[in-house]
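K.L.:
This is the content of query-v6.pdb (PDB, C-alpha atoms):
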```
ATOM      1  CA  VAL Y  10       0.000   0.000   0.000
ATOM      2  CA  GLN Y  11       1.321   3.409  -0.944
ATOM      3  CA  LEU Y  12       0.074   6.577   0.682
ATOM      4  CA  GLN Y  13       0.612  10.078  -0.604
ATOM      5  CA  ALA Y  14      -0.314  13.014   1.583
ATOM      6  CA  PHE Y  15      -0.620  16.520   0.295
ATOM      7  CA  GLY Y  16      -2.374  19.808   0.930
ATOM      8  CA  GLY Y  17      -0.227  21.355   3.641
ATOM      9  CA  GLY Y  18       0.716  24.988   3.669
ATOM     10  CA  LEU Y  19       0.884  28.239   5.603
ATOM     11  CA  VAL Y  20      -2.354  29.428   7.199
ATOM     12  CA  GLN Y  21      -3.233  32.172   9.623
ATOM     13  CA  ALA Y  22      -4.707  31.304  12.979
ATOM     14  CA  GLY Y  23      -8.434  30.794  12.690
ATOM     15  CA  GLY Y  24      -8.141  29.676   9.093
ATOM     16  CA  SER Y  25      -8.938  26.369   7.427
ATOM     17  CA  LEU Y  26      -7.139  23.837   5.284
ATOM     18  CA  ARG Y  27      -7.871  20.393   3.913
ATOM     19  CA  LEU Y  28      -5.288  17.639   3.718
ATOM     20  CA  SER Y  29      -5.632  14.715   1.348
ATOM     21  CA  CYS Y  30      -4.195  11.218   1.461
ATOM     22  CA  ALA Y  31      -4.363   9.160  -1.705
ATOM     23  CA  ALA Y  32      -4.033   5.409  -1.230
ATOM     24  CA  SER Y  33      -2.905   3.005  -3.914
ATOM     25  CA  GLY Y  34      -2.001  -0.647  -4.059
ATOM     26  CA  ARG Y  35      -3.716  -3.442  -2.167
ATOM     27  CA  THR Y  36      -6.053  -1.476   0.065
ATOM     28  CA  SER Y  37      -8.937  -3.126   1.873
ATOM     29  CA  SER Y  38     -12.254  -2.242   3.426
ATOM     30  CA  LYS Y  39     -10.794  -3.646   6.640
ATOM     31  CA  TYR Y  40      -8.226  -0.877   6.861
ATOM     32  CA  HIS Y  41      -8.304   1.976   9.325
ATOM     33  CA  MET Y  42      -6.905   5.207   7.923
ATOM     34  CA  GLY Y  43      -5.380   7.715  10.281
ATOM     35  CA  TRP Y  44      -3.779  11.093  10.461
ATOM     36  CA  PHE Y  45      -0.893  11.732  12.808
ATOM     37  CA  ARG Y  46       1.272  14.790  13.314
ATOM     38  CA  GLN Y  47       4.712  15.559  14.598
ATOM     39  CA  ALA Y  48       5.809  18.981  15.760
ATOM     40  CA  PRO Y  49       9.512  19.855  15.983
ATOM     41  CA  GLY Y  50      11.063  18.272  19.029
ATOM     42  CA  LYS Y  51       7.948  16.286  19.882
ATOM     43  CA  GLU Y  52       6.778  12.739  19.381
ATOM     44  CA  ARG Y  53       4.371  11.780  16.649
ATOM     45  CA  GLU Y  54       0.815  11.950  17.926
ATOM     46  CA  PHE Y  55      -2.561  10.709  16.851
ATOM     47  CA  VAL Y  56      -4.970  13.195  15.273
ATOM     48  CA  ALA Y  57      -7.888  11.314  13.728
ATOM     49  CA  ALA Y  58      -8.869   7.998  12.196
ATOM     50  CA  ILE Y  59     -11.612   6.579  10.020
ATOM     51  CA  ARG Y  60     -12.722   3.057   9.298
ATOM     52  CA  TRP Y  61     -13.061   2.308   5.587
ATOM     53  CA  TYR Y  62     -15.872  -0.170   6.198
ATOM     54  CA  ASP Y  63     -18.458   2.053   7.833
ATOM     55  CA  GLY Y  64     -16.943   5.508   8.057
ATOM     56  CA  ASP Y  65     -16.814   5.477  11.831
ATOM     57  CA  THR Y  66     -14.332   8.018  13.197
ATOM     58  CA  ASP Y  67     -12.096   8.740  16.156
ATOM     59  CA  TYR Y  68     -10.492  12.049  17.137
ATOM     60  CA  ALA Y  69      -7.895  13.272  19.559
ATOM     61  CA  ASN Y  70      -9.455  15.583  22.124
ATOM     62  CA  VAL Y  71      -7.302  18.517  21.039
ATOM     63  CA  VAL Y  72      -8.820  18.540  17.541
ATOM     64  CA  LYS Y  73     -12.346  17.316  18.256
ATOM     65  CA  GLY Y  74     -14.893  19.791  16.959
ATOM     66  CA  ARG Y  75     -12.336  21.504  14.713
ATOM     67  CA  PHE Y  76     -11.078  18.706  12.460
ATOM     68  CA  THR Y  77     -13.126  16.311  10.365
ATOM     69  CA  ILE Y  78     -11.825  13.147   8.755
ATOM     70  CA  SER Y  79     -13.669  11.685   5.781
ATOM     71  CA  ARG Y  80     -13.139   9.286   2.914
ATOM     72  CA  ASP Y  81     -13.996   9.030  -0.762
ATOM     73  CA  ASP Y  82     -14.279   5.390  -1.712
ATOM     74  CA  ALA Y  83     -14.273   6.060  -5.439
ATOM     75  CA  LYS Y  84     -11.012   7.997  -5.209
ATOM     76  CA  ASN Y  85      -9.441   5.847  -2.485
ATOM     77  CA  THR Y  86      -8.678   9.070  -0.707
ATOM     78  CA  VAL Y  87      -8.960  10.197   2.896
ATOM     79  CA  TYR Y  88      -9.313  13.847   3.836
ATOM     80  CA  LEU Y  89      -8.659  15.878   6.942
ATOM     81  CA  GLN Y  90     -10.631  19.101   7.016
ATOM     82  CA  MET Y  91      -9.067  21.417   9.571
ATOM     83  CA  ASN Y  92     -10.952  24.475  10.791
ATOM     84  CA  ASP Y  93     -10.206  27.104  13.409
ATOM     85  CA  LEU Y  94      -6.523  26.351  13.145
ATOM     86  CA  LYS Y  95      -4.220  27.316  15.998
ATOM     87  CA  PRO Y  96      -0.456  27.874  16.068
ATOM     88  CA  GLU Y  97      -0.133  24.697  18.146
ATOM     89  CA  ASP Y  98      -1.486  22.738  15.165
ATOM     90  CA  THR Y  99       1.769  23.483  13.347
ATOM     91  CA  ALA Y 100       3.392  20.149  12.512
ATOM     92  CA  LEU Y 101       4.261  17.653   9.827
ATOM     93  CA  TYR Y 102       1.095  15.695   9.142
ATOM     94  CA  TYR Y 103       1.255  12.044   8.160
ATOM     95  CA  CYS Y 104      -1.424   9.729   6.904
ATOM     96  CA  ALA Y 105      -1.220   6.096   7.877
ATOM     97  CA  ALA Y 106      -3.009   2.836   7.249
ATOM     98  CA  ARG Y 107      -3.686   0.130   9.765
ATOM     99  CA  PRO Y 108      -4.544  -3.260   8.310
ATOM    100  CA  THR Y 109      -6.993  -5.188  10.443
ATOM    101  CA  LEU Y 110      -8.558  -8.640  10.367
ATOM    102  CA  SER Y 111     -12.004  -7.457  11.313
ATOM    103  CA  LEU Y 112     -14.411  -5.008   9.750
ATOM    104  CA  ARG Y 113     -15.439  -3.613  13.129
ATOM    105  CA  LEU Y 114     -12.203  -3.572  15.087
ATOM    106  CA  THR Y 115     -11.907  -0.723  17.565
ATOM    107  CA  PHE Y 116      -9.544   2.097  16.755
ATOM    108  CA  SER Y 117      -5.944   2.277  17.844
ATOM    109  CA  ARG Y 118      -4.137   5.549  18.391
ATOM    110  CA  GLU Y 119      -0.745   3.883  18.572
ATOM    111  CA  VAL Y 120       1.849   4.754  15.945
ATOM    112  CA  ASN Y 121       3.241   1.230  15.983
ATOM    113  CA  ASN Y 122      -0.112  -0.280  15.054
ATOM    114  CA  HIS Y 123      -0.107   1.502  11.712
ATOM    115  CA  LYS Y 124       1.852  -0.371   9.076
ATOM    116  CA  PHE Y 125       1.850   1.967   6.089
ATOM    117  CA  TRP Y 126       2.810   5.637   6.115
ATOM    118  CA  GLY Y 127       2.781   8.517   3.712
ATOM    119  CA  GLN Y 128       5.624  10.981   3.375
ATOM    120  CA  GLY Y 129       4.098  13.804   5.418
ATOM    121  CA  THR Y 130       2.828  17.226   4.494
ATOM    122  CA  GLU Y 131       3.720  20.331   6.467
ATOM    123  CA  LEU Y 132       1.253  22.690   8.092
ATOM    124  CA  THR Y 133       2.317  26.016   9.563
ATOM    125  CA  VAL Y 134      -0.205  28.140  11.401
ATOM    126  CA  SER Y 135       0.859  31.711  12.031
ATOM    127  CA  SER Y 136      -0.478  33.757  14.920
TER     128      SER Y 136
END
```
As a first step, turn the structure in this file into structure tokens.

P.N.:
Amino acid sequence: VQLQAFGGGLVQAGGSLRLSCAASGRTSSKYHMGWFRQAPGKEREFVAAIRWYDGDTDYANVVKGRFTISRDDAKNTVYLQMNDLKPEDTALYYCAARPTLSLRLTFSREVNNHKFWGQGTELTVSS
């Protein structure tokens, strides 16, 4: 599975941006797709996830209500709509795929549970 993330950029605080993650290769409806981010000097952290099978979602508390993850089955693409951006959202954003054996497996926020990763796209939010 290959993942390509794009859409990052420079945004003012309070602004919006949408990230995209295009998946190719042997994807599956059993996959969970996630977004993670890593700020300079910090560990990679979970942002949001979506289950291909039923579109169920999971969000980190710090982005809940501001970010929305969605998928387009026809395009094999996952999106992260980010609204009301804050300077602390500045980071390199990665999309990731977690293969699972079950259609309804609960989400994992652990980096190590995600097998496939995109190259990252950078978001800078200015104050």

K.L.:
Which residues are near Gly18 (chain Y)? Cut-off 9 Å, only C-alpha atoms, ignore same chain within fewer than 6 positions. Put them as JSON, numbers by chain.

P.N.:
{"Y": [26, 130, 131, 132, 133, 134]}

K.L.:
Create the file for the chosen residues now, containing C-alpha atoms and written as a PDB file, keeping the file's coordinate frame.

P.N.:
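Output file again-v6.pdb follows:
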```
ATOM      1  CA  LEU Y  26      -7.139  23.837   5.284  1.00  0.00           C
ATOM      2  CA  THR Y 130       2.828  17.226   4.494  1.00  0.00           C
ATOM      3  CA  GLU Y 131       3.720  20.331   6.467  1.00  0.00           C
ATOM      4  CA  LEU Y 132       1.253  22.690   8.092  1.00  0.00           C
ATOM      5  CA  THR Y 133       2.317  26.016   9.563  1.00  0.00           C
ATOM      6  CA  VAL Y 134      -0.205  28.140  11.401  1.00  0.00           C
TER       7      VAL Y 134
END
```

K.L.:
Spell out the residues picked by the PyMOL selection byres ((chain Y and resi 135) around 7) here, as a VMD selection string.

P.N.:
chain Y and resid 20 to 22 96 133 to 134 136

K.L.:
Kindly indicate which residue among Y:Val10, Y:Ala58, Y:Ala48, Y:Leu94 lies nearest to Arg35 (chain Y), using only C-alpha atoms for the distances.

P.N.:
Y:Val10

K.L.:
For Ala100 (chain Y), which residue among Y:Cys30, Y:Pro49, Y:Ser38, Y:Leu19 is the nearest when counting all atoms listed in the file?

P.N.:
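Once distances to Ala100 (chain Y) are computed over all atoms listed in the file, the minimum belongs to Y:Pro49.
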
K.L.:
Just say which residues the PyMOL selection byres ((chain Y and resi 113-129) around 6) picks in this file, as an NGL selection string.

P.N.:
:Y and (12-14 or 55 or 101-107 or 111-112 or 130)

K.L.:
Generate a file of the selected residues that holds C-alpha atoms, formatted as a PDB file, keeping the file's coordinate frame.

P.N.:
```pdb
ATOM      1  CA  LEU Y  12       0.074   6.577   0.682  1.00  0.00           C
ATOM      2  CA  GLN Y  13       0.612  10.078  -0.604  1.00  0.00           C
ATOM      3  CA  ALA Y  14      -0.314  13.014   1.583  1.00  0.00           C
ATOM      4  CA  PHE Y  55      -2.561  10.709  16.851  1.00  0.00           C
ATOM      5  CA  LEU Y 101       4.261  17.653   9.827  1.00  0.00           C
ATOM      6  CA  TYR Y 102       1.095  15.695   9.142  1.00  0.00           C
ATOM      7  CA  TYR Y 103       1.255  12.044   8.160  1.00  0.00           C
ATOM      8  CA  CYS Y 104      -1.424   9.729   6.904  1.00  0.00           C
ATOM      9  CA  ALA Y 105      -1.220   6.096   7.877  1.00  0.00           C
ATOM     10  CA  ALA Y 106      -3.009   2.836   7.249  1.00  0.00           C
ATOM     11  CA  ARG Y 107      -3.686   0.130   9.765  1.00  0.00           C
ATOM     12  CA  SER Y 111     -12.004  -7.457  11.313  1.00  0.00           C
ATOM     13  CA  LEU Y 112     -14.411  -5.008   9.750  1.00  0.00           C
ATOM     14  CA  THR Y 130       2.828  17.226   4.494  1.00  0.00           C
TER      15      THR Y 130
END
```

K.L.:
Name the residues captured by the PyMOL selection byres ((chain Y and resi 93) around 6) when it is applied to the shown file; answer as number ranges by chain.

P.N.:
Y: 23-24, 92, 94

K.L.:
Which of these, Y:Lys51, Y:Met42, Y:Phe15, Y:Ala83, has the shortest distance to Thr99 (chain Y) once you count all atoms listed in the file?

P.N.:
Y:Lys51

K.L.:
Which value, in Å to one decimal, gives the distance between CA of Asn70 (chain Y) and CA of Leu110 (chain Y)?

P.N.:
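Value for the CA of Asn70 (chain Y)-CA of Leu110 (chain Y) distance: 26.9 Å.
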
K.L.:
Which is closest to Gln11 (chain Y) among Y:Thr86, Y:Ser33, Y:Thr66, Y:Ser25, if we use all atoms listed in the file?

P.N.:
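Distance minimum relative to Gln11 (chain Y) lands on Y:Ser33.
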
K.L.:
Would you work out the distance separating CA of Arg60 (chain Y) from CA of Tyr40 (chain Y), expressed in Å to one decimal?

P.N.:
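So the answer is 6.5 Å.
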
K.L.:
Have a look at CA of Asp65 (chain Y) and CA of Gln47 (chain Y) and let me know their distance in Å, one decimal.

P.N.:
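Between CA of Asp65 (chain Y) and CA of Gln47 (chain Y) the gap works out to 23.9 Å.
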
K.L.:
I'd like to know which of Y:Glu54, Y:Asp98, Y:Asp82, Y:Asp67 is closest to Ser37 (chain Y), using all atoms listed in the file.

P.N.:
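Result for the nearest residue to Ser37 (chain Y): Y:Asp82.
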
K.L.:
Nearest to Val87 (chain Y): which of Y:Tyr68, Y:Ala57, Y:Gly50, Y:Lys39 is it, counting all atoms listed in the file?

P.N.:
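Distance minimum relative to Val87 (chain Y) lands on Y:Ala57.
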
K.L.:
Name all residues at most 6 Å from region 77-79 of chain Y (count all atoms listed in the file; drop same-chain ones fewer than 2 positions away) and give them as an mmCIF file with C-alpha atoms, keeping the file's coordinate frame.

P.N.:
```
data_model
loop_
_atom_site.group_PDB
_atom_site.id
_atom_site.type_symbol
_atom_site.label_atom_id
_atom_site.label_comp_id
_atom_site.auth_asym_id
_atom_site.auth_seq_id
_atom_site.Cartn_x
_atom_site.Cartn_y
_atom_site.Cartn_z
ATOM 1 C CA VAL Y 87 -8.960 10.197 2.896
ATOM 2 C CA TYR Y 88 -9.313 13.847 3.836
ATOM 3 C CA LEU Y 89 -8.659 15.878 6.942
ATOM 4 C CA GLN Y 90 -10.631 19.101 7.016
#
```

K.L.:
Please, could N, CA and C atoms be added to region 96-112 of chain Y and the result written as an mmCIF file, in the coordinates of the input?

P.N.:
```cif
data_model
loop_
_atom_site.group_PDB
_atom_site.id
_atom_site.type_symbol
_atom_site.label_atom_id
_atom_site.label_comp_id
_atom_site.auth_asym_id
_atom_site.auth_seq_id
_atom_site.Cartn_x
_atom_site.Cartn_y
_atom_site.Cartn_z
ATOM 1 N N PRO Y 96 -1.910 28.037 16.247
ATOM 2 C CA PRO Y 96 -0.456 27.874 16.068
ATOM 3 C C PRO Y 96 0.056 26.526 16.577
ATOM 4 N N GLU Y 97 -0.566 25.986 17.610
ATOM 5 C CA GLU Y 97 -0.133 24.697 18.146
ATOM 6 C C GLU Y 97 -0.483 23.528 17.232
ATOM 7 N N ASP Y 98 -1.231 23.777 16.168
ATOM 8 C CA ASP Y 98 -1.486 22.738 15.165
ATOM 9 C C ASP Y 98 -0.332 22.622 14.168
ATOM 10 N N THR Y 99 0.617 23.520 14.239
ATOM 11 C CA THR Y 99 1.769 23.483 13.347
ATOM 12 C C THR Y 99 2.535 22.180 13.530
ATOM 13 N N ALA Y 100 2.724 21.454 12.441
ATOM 14 C CA ALA Y 100 3.392 20.149 12.512
ATOM 15 C C ALA Y 100 3.512 19.570 11.112
ATOM 16 N N LEU Y 101 4.236 18.481 11.031
ATOM 17 C CA LEU Y 101 4.261 17.653 9.827
ATOM 18 C C LEU Y 101 3.165 16.609 9.995
ATOM 19 N N TYR Y 102 2.244 16.585 9.052
ATOM 20 C CA TYR Y 102 1.095 15.695 9.142
ATOM 21 C C TYR Y 102 1.312 14.470 8.263
ATOM 22 N N TYR Y 103 1.087 13.314 8.847
ATOM 23 C CA TYR Y 103 1.255 12.044 8.160
ATOM 24 C C TYR Y 103 -0.074 11.305 8.081
ATOM 25 N N CYS Y 104 -0.323 10.674 6.941
ATOM 26 C CA CYS Y 104 -1.424 9.729 6.904
ATOM 27 C C CYS Y 104 -0.863 8.325 7.047
ATOM 28 N N ALA Y 105 -1.670 7.449 7.589
ATOM 29 C CA ALA Y 105 -1.220 6.096 7.877
ATOM 30 C C ALA Y 105 -2.369 5.126 7.691
ATOM 31 N N ALA Y 106 -2.017 3.892 7.420
ATOM 32 C CA ALA Y 106 -3.009 2.836 7.249
ATOM 33 C C ALA Y 106 -2.735 1.708 8.213
ATOM 34 N N ARG Y 107 -3.778 1.242 8.810
ATOM 35 C CA ARG Y 107 -3.686 0.130 9.765
ATOM 36 C C ARG Y 107 -4.489 -1.051 9.221
ATOM 37 N N PRO Y 108 -3.816 -2.069 8.751
ATOM 38 C CA PRO Y 108 -4.544 -3.260 8.310
ATOM 39 C C PRO Y 108 -5.150 -3.975 9.512
ATOM 40 N N THR Y 109 -6.365 -4.434 9.362
ATOM 41 C CA THR Y 109 -6.993 -5.188 10.443
ATOM 42 C C THR Y 109 -7.600 -6.469 9.882
ATOM 43 N N LEU Y 110 -7.951 -7.374 10.773
ATOM 44 C CA LEU Y 110 -8.558 -8.640 10.367
ATOM 45 C C LEU Y 110 -10.070 -8.611 10.513
ATOM 46 N N SER Y 111 -10.579 -7.536 11.029
ATOM 47 C CA SER Y 111 -12.004 -7.457 11.313
ATOM 48 C C SER Y 111 -12.565 -6.152 10.776
ATOM 49 N N LEU Y 112 -13.771 -6.213 10.274
ATOM 50 C CA LEU Y 112 -14.411 -5.008 9.750
ATOM 51 C C LEU Y 112 -14.723 -4.006 10.856
#
```
